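I have placed the structure first, in the form of structure tokens, so that the comments after it can refer back to it.
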There are 2 protein chains.
Amino acid sequence: MNELLISLDLHTGTSLYEQIYTYIRKDITSGRLSCGERLPSARLLASQLQVSRSTVDAAYAQLVSEGYLQAKRGSGYYVCEIGSLYDLTQPGAEQQPGSMQKICRPQPKYNFLPGQVDDQGFAYNAWRKCAKEALLDLETSRQLLQAGHPQGEYELREAVAAYLYQARGVRCQPRQLVIGAGNEYLLQMLGQMFERTGKVAMESPTYLQAYHTFQNIGYEVVAVPMDADGMVAAKIPDTDLTFAYVMPSHQFPIGTVMPLKRRLELLSWAKEGEQRYIIEDDHDSEFRYKGRPIPSLQGISQLDRVIYLGTFSNSIMPSIRISYLVLPPQLVEVYKRKCGFYASTVSRIQQMTVCRFIKQGYFERHLNKMRGVYKGKHDLLLQLLKEKKWVYRIYGGHAGLHMAVELDCGLTEEEVSKRAQKYGMCVQGLAECYPAGRRERGGRPVMLLGFGRLSEGEIREGVEVLGKCLQGG
Amino acid sequence: MNELLISLDLHTGTSLYEQIYTYIRKDITSGRLSCGERLPSARLLASQLQVSRSTVDAAYAQLVSEGYLQAKRGSGYYVCEIGSLYDLTQPGAEQQPGSMQKICRPQPKYNFLPGQVDDQGFAYNAWRKCAKEALLDLETSRQLLQAGHPQGEYELREAVAAYLYQARGVRCQPRQLVIGAGNEYLLQMLGQMFERTGKVAMESPTYLQAYHTFQNIGYEVVAVPMDADGMVAAKIPDTDLTFAYVMPSHQFPIGTVMPLKRRLELLSWAKEGEQRYIIEDDHDSEFRYKGRPIPSLQGISQLDRVIYLGTFSNSIMPSIRISYLVLPPQLVEVYKRKCGFYASTVSRIQQMTVCRFIKQGYFERHLNKMRGVYKGKHDLLLQLLKEKKWVYRIYGGHAGLHMAVELDCGLTEEEVSKRAQKYGMCVQGLAECYPAGRRERGGRPVMLLGFGRLSEGEIREGVEVLGKCLQGG
């Protein structure tokens, strides 16, 4: 047994226990004390160092619990074999967090990217009021700290079910609803509900996030041709365990509003197989600028083969990350068996905030107001584009927060995007909505113009600048 | 062309446009108007009904957009073929949401289930302050409405990295961190990062939520024997693309604290293959009641083969649903390529709230306070149990929010659970932590006693009641 070389410093801030611990640990990791070696008894060391016995006991106990020492009953403390593979030194200062730079990207002046909302018209006051009330809920009803229902708060599901029935004709009970952290999460969960993975029929171009999600979870994605009415039902594979993923209210990115006949054809397709489901992503359904919103596919189906997916991203804010899945009744049991163990992915306080926002009528008022705001922007952009010689065709469907514009300018989409960037503008080409290597159409560039976030002034200027950049270089 | 049987009611709240729309729609769905039939011109119908031409135009336009009518240029409106498959009637009142009853379960008087936190000691005031400030942020910095960084807010990742370095010895940059909605979500995402699915070595018993997650995403779960030090590294399969999922700080449910030697053996195992990773679920690491916390596996590894997983469920509240994954540097690019398209699953306002809670020092103060609170409960429960004749052995590791207690009472775990229920008590048996059919050990029942949520009084009473129920019937 080596004598331990410990010299204690009584004037430092470090406790004696910790100093002893550190010395011994260092001796072990440096190899000065080697495997199997016996340490002085706690009593002996305490008297050598002139500290209390309990101080040494604490240091030894810590070293035992970390695996540096082993206590043998009635025999003392021995150095454990820790191997010599690892250097246990702490990282240098250069590796410490806090010293790295943030990556800042300049905000584009005209941000035409889709998926962004108006942030001037948001109901800040009402939202803050509901959030504050939810915070008080937390304090008066303290069980809200604990994990909530896996499908989401019952009260919120009730409010969402009532909203979906009234606004979208969706027929469901709260027990069919699963609240989750975004569409992609809910699609991943859905994929896990089936014993084997199957096929997903998707339009091309489509919402690439959904496409990549299905790919990531091992589903075979089948591109089904679309015509002016949307996905061609007759071209969906005639197999079982197949999903048809559609956005009938406002197809992303083309903007097609699927007419009733095509909806019924889709439902027919689903009826003809054992395990065929339509995933209705009711994207942008809140914002329709001509006529009344078309009821959901889920609402007109008698078949229980429609899985309805909606989100608060556009109707409240993208950063809230709350979506909802309406399962057909026969899939609720499957969900419970396969995915019922997952805790909810949405904070209860956030759920209670949204619940209050809906129940107190703010949500409806906000939607009505924003429908007016977005209609103004939509109509303005449409009118401005119609006047331009460089616009060949506009796809929009009078709904949603973006339109697709086919340009007649002799440039490729990449060239348009690059030039636009020079002019402080952000626009996305349609090609980016095709799975890699899938794009078949050549010819004119089609650019997606999201108008949700821009003010009317920015839209006016943006269209002018876009025109200039197409002519300029 | 049939004459349309429309009788308008001027005194109802329904607009004329909507009445016309509803009449025609009903005529089409009931079959009174059949496919291909031509409707009266808008001008003619307007004069018949004595309404303005624009009212009829609006109704027709809506029917066109929903696919009931088709407009042929210069010829008029025709009924579309909608098929006769579907009855489009609305559901009866009994199916409307809002009328169903909530399912209420009585709260147990002594809730010994693990995974619950103390809700008396929570820093309600500090939390509310941070949440209010985050709400003001939202209003002053309106881009917070839009989607944030897929990995989570940079500022929060910076704060988490600093905390992990200081408290757990974890060495990472914010760019290695992914903030996500719960451990299970982050594990699902992790599984998607690899081109093919592999094996996961897990202890048995283990944290079943993680087990089921791996099963759901198609990983083969291999049960690896554990001894008093945790997972036996020598028994982990010698294959590539294999994960070893461990909870070294406080194994769930047994409570083992993995000593250093075993940690190093695990790291050795990982080093010997091309694609072997240790998933360190740093469960319960915040609460250790004897000695100092043991540094994380991630911190002592020089190998970049440790994926670190932590959560705010125990350290803040289970209902907040925020976890964090620290990827080794070489996996950050893989993450970006395969999962970088997923939007963050945590609300930005919640992220900013937690960020303020940490940066303003509340988090550390809260942890220090709760460590004292939980230590009090832990020590009390331990002391009470030690006095009982019906307690055979206690597994706890002096950490976390639960202990596992082996009983000497001649009952099975199911019998104990059932009896306890009658006495208003909720306890979980160890058998529930084994994958189905995997439990090998017979013999005495082992019950998990979570003490996080209970007051000291409830713990005292609970232990007495548990004793009574073991003797009683």
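Chain labels run A, B, ... following the order of the structure tokens; each chain numbers its residues from 1, and ligands are numbered from 1 in the order shown.
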Excluding Arg365 (chain A) and any residue of its chain fewer than 5 positions from it, enumerate the residues within 12 Å of it, using only C-alpha atoms, and give them as a ChimeraX atom specification.
/A:121-123,126,315-316,357-360,370-372
Show me which bits of chain A are within 7 Å of chain B, counting only C-alpha atoms, as a VMD selection string.
chain A and resid 58 61 to 62 65 to 68 81 to 82 86 88 97 to 98 116 to 117 119 124 128 135 139 142 144 to 148 158 161 to 162 172 to 173 181 to 182 192 209 216 to 217 259 to 261 264 291 to 292 294 300 302 317 to 321 341 345 to 348
Backbone-only DSSP, alpha helix (DSSP H) members of region 135-335 of chain A, as a PyMOL selection string
chain A and resi 135-140+154-168+183-192+208-216+260-271+297-300+329-335
Residue set, region 154-311 of chain A restricted to strand (DSSP E), as a tab-separated table (two decimals) with C-alpha atoms, in the first residue's frame:
chain	number	residue	atom	x	y	z
A	177	LEU	CA	-58.32	12.27	-31.87
A	178	VAL	CA	-54.59	12.21	-31.23
A	179	ILE	CA	-52.94	15.57	-30.59
A	180	GLY	CA	-49.27	15.52	-31.59
A	199	LYS	CA	-47.19	1.55	-49.90
A	200	VAL	CA	-48.11	5.20	-49.96
A	201	ALA	CA	-49.56	6.72	-53.10
A	202	MET	CA	-48.59	10.38	-53.40
A	220	GLU	CA	-42.66	2.48	-50.43
A	221	VAL	CA	-43.77	5.73	-51.99
A	222	VAL	CA	-45.59	5.35	-55.30
A	223	ALA	CA	-45.93	8.49	-57.41
A	226	MET	CA	-52.32	13.97	-61.08
A	227	ASP	CA	-54.54	15.86	-63.47
A	230	GLY	CA	-55.72	16.09	-58.30
A	231	MET	CA	-54.58	12.50	-57.79
A	242	THR	CA	-51.85	1.14	-49.12
A	243	PHE	CA	-52.34	4.74	-48.19
A	244	ALA	CA	-53.34	7.49	-50.56
A	245	TYR	CA	-51.95	10.73	-49.20
A	246	VAL	CA	-53.88	13.70	-50.57
A	276	ARG	CA	-56.67	0.86	-47.89
A	277	TYR	CA	-56.72	4.23	-46.25
A	278	ILE	CA	-56.89	7.78	-47.46
A	279	ILE	CA	-54.76	10.19	-45.49
A	280	GLU	CA	-56.49	13.52	-45.88
A	281	ASP	CA	-53.99	16.25	-45.08
A	306	VAL	CA	-60.23	8.26	-44.11
A	307	ILE	CA	-57.53	9.34	-41.67
A	308	TYR	CA	-57.82	13.08	-41.23
A	309	LEU	CA	-54.77	15.22	-40.45
A	310	GLY	CA	-54.85	18.88	-39.54
A	311	THR	CA	-52.55	21.43	-37.97
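Nearest residue to Lys389 (chain B) among B:Gly74, B:His283, B:Glu406, B:Leu401 is B:Glu406, counting only C-alpha atoms.
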Which is closest to Gly340 (chain A) among A:Leu190, A:Ala270, A:Val405, A:Gly396, if we use only C-alpha atoms?
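Smallest separation from Gly340 (chain A) among the options: A:Leu190.
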Need to verify the contact set: Gly376 (chain A), 12 Å, only C-alpha atoms, exclusion of same-chain residues closer than 3 positions in sequence. Can you return it as a PyMOL selection string?
chain A and resi 118+287-289+369-373+379-383+398-399+401+451-452+454-457+459
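Close contacts of region 49-53 of chain B, defined as residues with an atom at most 9 Å away when counting only C-alpha atoms, with chain neighbours fewer than 5 positions off set aside, comprise Ile6, Ser7, Leu8, Leu16, Ala42, Arg43, Leu44 and Ala58 of chain B.
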